[in-house]
Every structure is written in C-alpha cells, then in structure tokens.
$ cat coords-v5.cif   # mmCIF, C-alpha atoms
data_input
loop_
_atom_site.label_atom_id
_atom_site.label_comp_id
_atom_site.auth_asym_id
_atom_site.auth_seq_id
_atom_site.Cartn_x
_atom_site.Cartn_y
_atom_site.Cartn_z
CA MET A 258 115.52 59.52 116.08
CA LYS A 259 114.77 61.85 119.00
CA GLU A 260 112.44 64.70 118.09
CA GLU A 261 113.91 68.16 118.49
CA LYS A 262 112.34 70.23 121.26
CA ASN A 263 110.51 73.42 120.40
CA HIS A 264 112.67 76.34 121.52
CA ASP A 265 109.77 78.57 122.56
CA MET A 266 108.13 75.83 124.63
CA VAL A 267 111.42 75.12 126.43
CA GLU A 268 111.72 78.83 127.24
CA LEU A 269 108.08 79.02 128.38
CA TYR A 270 108.58 76.04 130.72
CA ARG A 271 111.64 77.78 132.10
CA ARG A 272 109.43 80.75 133.03
CA PHE A 273 107.04 78.32 134.72
CA GLU A 274 109.87 76.79 136.76
CA LYS A 275 110.89 80.28 137.93
CA ALA A 276 107.41 80.67 139.41
CA GLY A 277 108.21 77.78 141.79
CA LEU A 278 104.89 75.95 141.43
CA SER A 279 104.14 72.29 140.85
CA HIS A 280 102.05 71.28 137.83
CA ALA A 281 99.05 70.65 140.07
CA ALA A 282 99.43 73.95 141.93
CA PHE A 283 99.79 75.83 138.64
CA CYS A 284 96.65 74.24 137.17
CA LYS A 285 94.76 75.04 140.41
CA LYS A 286 95.90 78.67 140.26
CA ALA A 287 94.71 78.83 136.65
CA GLU A 288 91.32 77.38 137.66
CA GLU A 289 90.95 80.06 140.35
CA MET A 290 91.54 82.67 137.62
CA GLY A 291 88.85 81.06 135.46
CA ILE A 292 91.42 79.61 133.05
CA LYS A 293 91.49 75.94 132.09
CA ILE A 294 94.95 74.38 131.71
CA SER A 295 95.07 70.59 131.51
CA PRO A 296 97.86 68.43 133.03
CA SER A 297 98.64 67.14 129.51
CA THR A 298 99.37 70.73 128.40
CA MET A 299 101.94 71.07 131.18
CA THR A 300 103.46 67.67 130.30
CA ASN A 301 103.83 68.71 126.64
CA LEU A 302 105.38 71.98 127.76
CA LYS A 303 107.89 70.15 129.95
CA ASN A 304 108.84 67.92 127.01
CA GLY A 305 109.27 70.88 124.66
CA VAL A 306 106.25 69.90 122.53
CA GLN A 307 104.39 72.74 120.76
CA ILE A 308 101.11 73.59 122.47
CA SER A 309 98.31 75.62 120.90
CA GLY A 310 98.43 79.42 120.68
CA ALA A 311 95.45 79.62 123.05
CA SER A 312 97.26 77.44 125.61
CA VAL A 313 100.40 79.58 125.33
CA LYS A 314 98.28 82.65 126.00
CA ASN A 315 96.65 81.00 129.04
CA VAL A 316 99.97 79.88 130.56
CA LEU A 317 101.43 83.36 130.12
CA LYS A 318 98.32 84.92 131.67
CA VAL A 319 98.67 82.79 134.79
CA LEU A 320 102.36 83.70 134.94
CA GLY A 321 101.48 87.38 134.62
CA ILE A 322 103.53 87.83 131.44
CA THR A 323 102.25 89.32 128.17
CA ARG A 324 102.98 87.57 124.88
CA SER A 325 104.96 90.54 123.58
CA GLU A 326 107.12 90.63 126.73
CA PHE A 327 107.77 86.89 126.52
CA TYR A 328 108.80 86.82 122.86
CA MET A 329 110.90 89.95 123.14
CA ASP A 330 112.80 88.32 126.03
CA VAL A 331 113.20 85.08 124.08
CA ASP A 332 114.67 86.89 121.09
CA LYS A 333 117.10 88.81 123.28
CA GLU A 334 118.37 85.49 124.63
CA ASP A 335 118.41 83.84 121.21
CA ASN A 336 119.59 86.31 118.58
CA PRO A 337 120.45 84.15 115.52
CA LYS A 338 123.54 85.21 113.57
CA ASN A 339 123.17 84.52 109.86
CA PRO A 340 125.87 85.15 107.23
CA LYS A 341 123.28 86.44 104.75
CA ASN A 342 122.88 89.53 106.93
CA LYS A 343 126.10 90.80 105.34
CA LYS A 344 124.48 90.71 101.89
CA LYS A 345 121.71 93.12 102.82
CA THR A 346 121.78 96.43 101.01
CA VAL A 347 120.43 98.16 104.09
CA ILE A 348 122.18 97.40 107.36
CA ALA A 349 119.98 97.94 110.38
CA GLU A 350 119.79 96.99 114.03
CA SER A 351 117.51 94.09 114.92
CA SER A 352 114.80 96.49 116.04
CA ARG A 353 113.73 100.12 115.69
CA GLY A 354 111.69 100.90 118.74
CA GLY A 355 108.97 98.26 118.74
CA PHE A 356 109.43 97.41 115.04
CA ILE A 357 111.52 94.43 113.93
CA VAL A 358 113.85 95.40 111.07
CA ASP A 359 115.89 92.20 110.77
CA SER A 360 114.42 89.58 108.44
CA ASP A 361 116.35 86.88 110.33
CA ASP A 362 114.44 87.69 113.48
CA SER A 363 112.23 84.76 114.48
CA ALA A 364 109.17 87.01 114.19
CA TYR A 365 109.40 86.74 110.38
CA TYR A 366 109.65 82.95 110.23
CA GLY A 367 106.72 81.60 108.19
CA TYR A 368 105.44 85.03 107.17
CA THR A 369 107.39 85.69 103.96
CA GLY A 370 106.53 84.54 100.43
CA ASP A 371 103.35 84.59 98.33
CA PHE A 372 99.81 84.84 99.66
CA HIS A 373 96.58 84.82 97.68
CA ALA A 374 94.50 87.80 98.82
CA TYR A 375 90.68 87.85 98.72
CA PHE A 376 88.18 90.56 99.66
CA PHE A 377 84.77 91.84 98.57
CA HIS A 378 84.19 93.97 95.49
CA THR A 379 82.86 97.44 96.22
CA GLN A 380 80.22 96.88 93.52
CA LYS A 381 77.20 95.38 95.29
CA GLU A 382 76.07 93.37 92.28
CA ARG A 383 79.32 91.38 92.23
CA LYS A 384 79.03 88.09 94.12
CA ASP A 385 82.58 86.84 93.54
CA LEU A 386 85.65 88.09 95.40
CA LEU A 387 88.50 90.28 94.26
CA HIS A 388 91.69 88.24 93.97
CA GLY A 389 95.32 89.25 94.10
CA ILE A 390 98.76 87.90 94.99
CA LEU A 391 100.59 89.54 97.88
CA HIS A 392 104.33 88.92 98.13
CA LEU A 393 106.15 89.62 101.41
CA SER A 394 109.90 89.77 100.77
CA GLU A 395 112.95 89.37 103.02
CA GLU A 396 114.62 92.35 101.33
CA MET A 397 114.40 95.80 102.83
CA ASN A 398 113.36 98.89 100.87
CA GLU A 399 114.80 102.40 101.12
CA HIS A 400 112.16 103.42 103.68
CA GLY A 401 113.22 100.90 106.33
CA PHE A 402 110.36 98.48 105.63
CA PHE A 403 110.59 95.07 103.99
CA LYS A 404 109.45 94.99 100.38
CA ALA A 405 105.86 94.04 99.60
CA THR A 406 104.09 93.76 96.25
CA LEU A 407 100.48 93.08 95.31
CA LYS A 408 99.25 92.04 91.89
CA LEU A 409 95.50 92.66 91.88
CA TYR A 410 93.12 91.57 89.15
CA ALA A 411 90.61 94.45 89.14
CA ASP A 412 87.61 95.23 86.96
CA SER A 413 87.87 97.24 83.76
CA VAL A 414 85.85 100.45 83.43
CA PHE A 415 84.60 99.09 80.12
CA PRO A 416 81.92 96.37 80.19
CA LYS A 417 82.89 92.90 78.95
CA SER A 418 86.60 93.81 78.99
CA LYS A 419 89.24 91.62 80.60
CA PRO A 420 90.22 92.42 84.21
CA VAL A 421 92.85 95.11 84.66
CA GLU A 422 96.06 94.02 86.35
CA LYS A 423 97.01 96.56 89.00
CA ASN A 424 100.52 96.35 90.43
CA TYR A 425 101.21 97.77 93.87
CA THR A 426 104.59 98.13 95.53
CA GLY A 427 105.30 99.06 99.11
CA GLY A 428 106.49 97.60 102.36
CA TYR A 429 105.54 95.75 105.50
CA ILE A 430 106.92 95.48 109.02
CA ILE A 431 106.17 93.60 112.23
CA SER A 432 105.51 95.29 115.56
CA LYS A 433 106.20 93.07 118.55
CA PRO A 434 104.49 95.21 121.21
CA MET A 435 101.32 95.48 119.06
CA LEU A 436 101.53 91.85 117.81
CA SER A 437 100.68 93.09 114.32
CA VAL A 438 101.92 93.09 110.73
CA TYR A 439 101.53 96.47 108.98
CA CYS A 440 101.61 96.66 105.18
CA TYR A 441 101.26 99.64 102.83
CA LEU A 442 100.87 99.30 99.06
CA GLU A 443 100.88 102.01 96.38
CA ASP A 444 100.09 102.08 92.68
CA GLU A 445 101.62 105.19 91.12
CA ASP A 446 99.75 104.76 87.82
CA PHE A 447 96.37 104.91 89.58
CA GLY A 448 97.55 107.28 92.31
CA GLU A 449 96.36 104.88 94.99
CA ILE A 450 97.65 103.73 98.39
CA SER A 451 96.08 100.85 100.31
CA PHE A 452 96.79 99.41 103.76
CA ILE A 453 96.60 95.92 105.27
CA VAL A 454 96.91 95.04 108.97
CA PHE A 455 96.73 91.56 110.47
CA GLU A 456 97.62 89.82 113.71
CA HIS A 457 101.13 88.50 114.27
CA PHE A 458 101.99 85.44 116.31
CA HIS A 459 105.32 83.64 116.58
CA ILE A 460 105.23 80.38 114.64
CA ARG A 461 109.01 79.93 114.36
CA LYS A 462 109.83 77.25 111.78
CA GLU A 463 106.22 76.66 110.73
CA ILE A 464 104.50 78.35 107.78
CA LEU A 465 101.63 80.83 108.05
CA HIS A 466 98.84 79.16 106.07
CA CYS A 467 96.08 81.75 106.31
CA LYS A 468 95.11 84.91 108.19
CA LEU A 469 92.17 87.29 108.27
CA GLY A 470 93.08 90.96 108.34
CA SER A 471 91.69 94.41 107.72
CA ALA A 472 92.32 96.40 104.55
CA ILE A 473 91.63 100.03 103.69
CA THR A 474 91.18 100.82 100.01
CA VAL A 475 89.31 103.30 97.81
CA SER A 476 86.10 102.05 96.18
CA SER A 477 85.84 101.47 92.45
CA GLY A 478 83.37 103.23 90.17
CA ASP A 479 82.92 106.95 89.59
CA GLN A 480 82.74 107.90 93.25
CA LYS A 481 85.98 107.08 95.03
CA MET A 482 85.20 106.58 98.70
CA PRO A 483 87.31 105.20 101.59
CA THR A 484 86.37 101.57 102.18
CA LEU A 485 87.15 99.11 104.97
CA HIS A 486 87.35 95.40 104.14
CA ARG A 487 88.09 92.12 105.80
CA ILE A 488 90.80 90.45 103.74
CA LEU A 489 91.83 86.79 103.59
CA LEU A 490 95.49 85.96 103.01
CA CYS A 491 96.17 82.30 102.23
CA ARG A 492 98.83 80.19 100.55
CA GLU A 493 96.60 78.30 98.09
CA GLU A 494 94.40 79.78 95.39
CA LEU A 495 90.70 79.19 95.97
CA SER A 496 88.22 77.99 93.37
CA ASN A 497 84.95 79.81 92.69
CA GLU A 498 83.10 77.22 94.78
CA GLN A 499 85.54 77.62 97.67
CA MET A 500 85.18 81.41 97.48
CA LYS A 501 81.41 81.05 97.90
CA ILE A 502 82.05 79.28 101.21
CA VAL A 503 84.65 81.67 102.66
CA ARG A 504 82.59 84.78 101.76
CA GLY A 505 80.80 84.57 105.10
CA GLN A 506 84.07 85.01 107.00
CA LEU A 507 84.81 88.22 105.07
CA ARG A 508 81.63 90.03 106.06
CA LEU A 509 81.84 92.79 108.67
CA ASN A 510 79.76 91.60 111.59
CA GLY A 511 78.90 92.05 115.23
CA PRO A 512 78.38 89.34 117.88
CA LYS A 513 74.86 88.57 116.59
CA ILE A 514 74.14 86.93 113.25
CA ILE A 515 70.95 88.61 112.05
CA ILE A 516 69.13 87.52 108.89
CA THR A 517 65.66 88.28 107.58
CA LYS A 518 62.83 85.78 107.89
CA GLN A 519 62.83 85.34 104.11
CA LYS A 520 66.59 84.73 103.97
CA TYR A 521 66.34 82.24 106.84
CA LYS A 522 63.71 80.30 104.92
CA GLU A 523 65.83 80.37 101.75
CA LEU A 524 68.85 79.12 103.70
CA LEU A 525 67.03 76.12 105.15
CA GLU A 526 65.65 75.22 101.71
CA SER A 527 69.02 75.56 99.98
CA ASN A 528 70.41 72.26 101.34
CA ARG A 529 73.79 73.97 101.84
CA LEU A 530 73.89 73.28 105.59
CA SER A 531 74.79 69.95 107.15
CA GLU A 532 71.93 68.17 108.91
CA ALA A 533 73.61 68.44 112.33
CA PHE A 534 74.25 72.16 111.88
CA GLN A 535 70.71 72.77 110.62
CA ASN A 536 69.25 71.01 113.67
CA LYS A 537 71.37 73.12 116.01
CA LEU A 538 70.35 76.26 114.13
CA ARG A 539 66.64 75.43 114.50
CA GLU A 540 67.15 74.83 118.24
CA ASN A 541 68.98 78.10 118.87
CA VAL A 542 67.48 80.61 116.44
CA ARG A 543 65.31 83.24 118.10
CA LEU A 544 62.74 85.33 116.28
CA GLU A 545 62.81 88.98 117.33
CA SER A 546 61.11 92.04 115.89
CA TYR A 547 63.24 94.76 114.29
CA TYR A 548 62.37 98.04 112.66
CA VAL A 549 64.05 98.63 109.31
CA VAL A 550 64.77 102.20 108.24
CA GLN A 551 66.31 103.16 104.90
CA GLU A 552 68.83 105.90 105.67
CA SER A 553 68.62 107.40 102.18
CA LEU A 554 65.04 108.51 102.98
CA PHE A 555 66.35 110.77 105.73
CA ILE A 556 68.39 113.18 103.63
CA SER A 557 68.17 116.60 105.21
CA ASP A 558 67.29 119.74 103.27
CA ASP A 559 68.02 123.42 104.02
CA THR A 560 64.83 123.81 106.06
CA ALA A 561 65.53 120.82 108.32
CA GLY A 562 68.62 122.34 109.87
CA LEU A 563 70.92 120.97 112.56
CA ASP A 564 68.14 119.33 114.56
CA PHE A 565 67.52 116.90 111.70
CA GLU A 566 71.18 115.84 111.56
CA LYS A 567 71.30 115.48 115.36
CA SER A 568 68.18 113.31 115.30
CA LEU A 569 69.61 111.09 112.56
CA SER A 570 72.79 110.60 114.58
CA ILE A 571 70.78 109.69 117.68
CA LEU A 572 68.76 107.19 115.61
CA LYS A 573 71.97 105.54 114.40
CA ASP A 574 73.26 105.31 117.97
CA TYR A 575 70.12 103.33 118.91
CA SER A 576 70.71 100.82 116.13
CA ILE A 577 72.30 97.39 116.63
CA ALA A 578 75.17 98.24 114.27
CA PRO A 579 78.52 97.34 115.90
CA GLN A 580 80.76 100.17 117.15
CA TYR A 581 83.79 98.62 115.46
CA ASN A 582 84.69 95.46 113.63
CA LYS A 583 87.54 93.39 115.01
CA VAL A 584 89.09 90.31 113.43
CA GLY A 585 89.08 88.29 116.65
CA LYS A 586 90.55 84.96 117.69
CA SER A 587 87.38 83.05 116.87
CA SER A 588 87.25 84.47 113.33
CA ASN A 589 90.86 83.50 112.65
CA THR A 590 90.38 80.05 114.17
CA GLN A 591 87.22 79.43 112.14
CA MET A 592 88.96 80.57 108.95
CA PHE A 593 91.96 78.33 109.62
CA GLU A 594 89.76 75.28 110.25
CA LEU A 595 87.78 76.05 107.08
CA TYR A 596 90.98 76.50 105.07
CA LYS A 597 92.29 73.12 106.26
CA GLN A 598 89.12 71.43 105.05
CA LEU A 599 88.96 73.24 101.69
CA THR A 600 92.57 73.02 100.54
CA SER A 601 95.42 70.59 100.16
CA HIS A 602 98.16 73.11 100.96
CA TYR A 603 97.93 72.65 104.73
CA LYS A 604 98.05 68.86 104.54
CA GLN A 605 101.02 68.87 102.12
CA ASN A 606 103.03 71.02 104.50
CA GLN A 607 102.31 68.70 107.42
CA ASP A 608 103.56 65.56 105.66
#
$ encode --input "coords-v5.cif" --output "structure tokens"
Amino acid sequence: MKEEKNHDMVELYRRFEKAGLSHAAFCKKAEEMGIKISPSTMTNLKNGVQISGASVKNVLKVLGITRSEFYMDVDKEDNPKNPKNKKKTVIAESSRGGFIVDSDDSAYYGYTGDFHAYFFHTQKERKDLLHGILHLSEEMNEHGFFKATLKLYADSVFPKSKPVEKNYTGGYIISKPMLSVYCYLEDEDFGEISFIVFEHFHIRKEILHCKLGSAITVSSGDQKMPTLHRILLCREELSNEQMKIVRGQLRLNGPKIIITKQKYKELLESNRLSEAFQNKLRENVRLESYYVVQESLFISDDTAGLDFEKSLSILKDYSIAPQYNKVGKSSNTQMFELYKQLTSHYKQNQD
C-alpha cells in the first residue's frame, strides 16, 4: 500500500519549486547563509515525507518565508469543511485577527484532550512537583475561546491533611502569527486566575506528546505573591522517580549551569550520572570564583534613603542572573527526548 504524502511537506516543496532552484543550488544557498540542509532532507520533501521541525524552519528561512506566513497560506488553500461545524453552539469565522477560532482548523490537530501538568511547589521545602490534569476541549465558551479545565491537586492549609482538589475553568486559543497557545484558568471558590503560554507548531494528524511552557500563578502560604513557573504538559502521568528526573527541566535558568563546589562533589558521588556523561562533565567543567550575597541582609531603613535602593539595584544588574527566562527550542527538544525514554505513551502512539 502506497504511503500517503504529508500535505504540509507537499506544499513546502511547492514553495521550493517556485524559487526555481535545483536541490544542489538550494543546499549551496543554505550553506552560504550558514544553514545546513542535507540532500536527503530535500529528497524526503520531494516525496512528501515529514521532515523535522528544525529542517522545516531552515528550508523556510532559505526561502525567506516565516513559519506563520507559510501555515496561514496553507490553511487558506486547504480549509477543511466538516459537518460537525453545524453542531457548534457558537458559530464563528475561521479566524479572529491572528487568533484561530475554528476547532477544525489544522492548527488544533493533536493539541486537544488531556495533559498531565507538572510544576514546582512554591514551598521551598517541597521536593516533589505539583500535579494536575489540563483538558483542552474542542467546544467554544461564551467568551470566544475554546474551553479549558484544570484539576489541580494542591496542598491543604492543615498539616497531614489530604491534598485539596482545586478545579479551574477557562479557555485557550491559538495565535498563528505568534506561534503560541494562550490559556487562562480561574477558580471562583479561591478567587484565583492563572495563565499558561506555550509554543505552537503545526503537527497536523500527529499528537502533541509533551511541551514545556510558562505559567503565572499566585504562591501558596500566607503571603500570596505573583509567581512565574516553567510547566510541563504531557500525555502520560509520571511516577515519583520520573518526576525527580524531569525536575531539572523545570528550573528557571540562564545559558550557564552554575552549581556550588559542594553540590558538584555530591553530584559526582551520587552515581546518578552515566559514565559517559560524567566523563564529559569532568572535561568541560570550569571552576570560577563567585561572590555570594544574601539579598535579605540589604534591607534598607529610613536613614539609608534612595541611594541605598539605587545601589542595591546596581548590584543586581552586575549579577549573572538572566534578564528573562525563555523556554527555547533546546529545552523543548531535551524534554521531548527525555519523555520518550521515560514513558510508554510515545511508543504506543507510534505503533
């Protein structure tokens, strides 16, 4: 039986043909731009075989087309008509500005259904992860978003009590120009609204197995403070042992991995690293000197005045703390590879 060609790859190859270049000339042009595109990638593209997201991005870059422009054009040419549209309680056009408000739009393929959600507790002493179930529906709510719910198993204010089940309702929507999924969730009983944002990429008939995103919540405990998290959304529930492994991907970090000398020693003695990785770590680790300052010791008083606050701000600007924290391509790729190794869900959906 002949394998069906991937629609997006066929359309991408059509864009390549419009450029009027041979495979060799196209690969040479890419090389001149500092982009590596192999002949096998172009052969797969010609045959309508799915290539990696990174390869799609590279081909589009050489063609001078953004991903959002490409997929918006593809959907204009291929607007699927589905009878279930008539059953919707809210009738809407396929898009509202840059937002996609039709659940039959290809942008939503693979993104609906249940995800297990994991992120750090705001209590420092807790070493496990908060766990919830996020459901992204195909039904639209009265606000013009698609329905979203989150069942979160939170801590009780009373010691030794069972976790409190918090139920959030809200909505989510996909923005094609921003290549993002936006989700808001509210719990009326607790008077709380939280937000989740994660990257969107067309996967058509495939299923989204896992994604790292950013979440904004309010911290637990007596003092309720705005808190930014990295959040993992995945299809399979993780065990306690698996959560210990993925914790590292949920930390907010900059380009440098910095650990104390004591922690480095503990890590090497823990036997948690593979021998090959440990050897590479020893070869590449570099010992540098850092000054450590506890910010809480620099609380200003009435006599210190504005100069004290200005000095503290200048001190912070000299620190190595990152200016922002972005869930980049490498983080998502690392998380996906880790998820494939840890769970059976990915393999089952490939069989």
$ resolve_selection --input "coords-v5.cif" --expression "the PyMOL selection byres ((chain A and resi 465) around 7)" --output "mmCIF file with C-alpha atoms, in the frame of the given file"
data_model
loop_
_atom_site.group_PDB
_atom_site.id
_atom_site.type_symbol
_atom_site.label_atom_id
_atom_site.label_comp_id
_atom_site.auth_asym_id
_atom_site.auth_seq_id
_atom_site.Cartn_x
_atom_site.Cartn_y
_atom_site.Cartn_z
ATOM 1 C CA GLY A 367 106.720 81.600 108.190
ATOM 2 C CA TYR A 368 105.440 85.030 107.170
ATOM 3 C CA GLU A 463 106.220 76.660 110.730
ATOM 4 C CA ILE A 464 104.500 78.350 107.780
ATOM 5 C CA HIS A 466 98.840 79.160 106.070
ATOM 6 C CA CYS A 467 96.080 81.750 106.310
#
$ atom_distance --input "coords-v5.cif" --atom1 "atom CA of Asn315 of chain A" --atom2 "atom CA of Ser363 of chain A"
21.7 Å
$ closest_residue --input "coords-v5.cif" --among "A:Leu495, A:Val584, A:Ile390, A:Leu407" --to "Leu469 of chain A" --atoms "all atoms listed in the file"
A:Val584
$ axis_aligned_box --input "coords-v5.cif" --around "segment 435-454 of chain A" --padding-each-side "5 Å" --output "lines of an AutoDock Vina configuration file"
center_x = 99.0
center_y = 99.6
center_z = 103.4
size_x = 15.8
size_y = 25.4
size_z = 41.2
$ resolve_selection --input "coords-v5.cif" --expression "the PyMOL selection byres ((chain A and resi 496) around 12)" --output "list in words"
His373, Tyr375, Asp385, Leu386, His388, Glu493, Glu494, Leu495, Asn497, Glu498, Gln499, Met500, Lys501, Ile502, Val503, Leu599 and Thr600 of chain A
$ write_last_selection --input "coords-v5.cif" --atoms "C-alpha atoms" --output "CSV table (one decimal), keeping the file's coordinate frame"
chain,number,residue,atom,x,y,z
A,373,HIS,CA,96.6,84.8,97.7
A,375,TYR,CA,90.7,87.8,98.7
A,385,ASP,CA,82.6,86.8,93.5
A,386,LEU,CA,85.6,88.1,95.4
A,388,HIS,CA,91.7,88.2,94.0
A,493,GLU,CA,96.6,78.3,98.1
A,494,GLU,CA,94.4,79.8,95.4
A,495,LEU,CA,90.7,79.2,96.0
A,497,ASN,CA,85.0,79.8,92.7
A,498,GLU,CA,83.1,77.2,94.8
A,499,GLN,CA,85.5,77.6,97.7
A,500,MET,CA,85.2,81.4,97.5
A,501,LYS,CA,81.4,81.0,97.9
A,502,ILE,CA,82.0,79.3,101.2
A,503,VAL,CA,84.6,81.7,102.7
A,599,LEU,CA,89.0,73.2,101.7
A,600,THR,CA,92.6,73.0,100.5
$ residues_around --input "coords-v5.cif" --residues "segment 511-516 of chain A" --least-positions-apart "3" --cutoff "12 Å" --atoms "only C-alpha atoms" --output "JSON, numbers by chain"
{"A": [505, 506, 508, 519, 520, 521, 522, 523, 524, 538, 541, 542, 543, 544, 545, 546, 547, 577, 578, 579, 580, 581, 582, 583, 584, 585, 587, 588]}
$ resolve_selection --input "coords-v5.cif" --expression "the PyMOL selection byres ((chain A and resi 295) around 12)" --output "PyMOL selection string"
chain A and resi 280-288+292-294+296-302+308+312+315-316
$ atom_distance --input "coords-v5.cif" --atom1 "atom CA of Tyr548 of chain A" --atom2 "atom CA of Leu507 of chain A"
25.6 Å
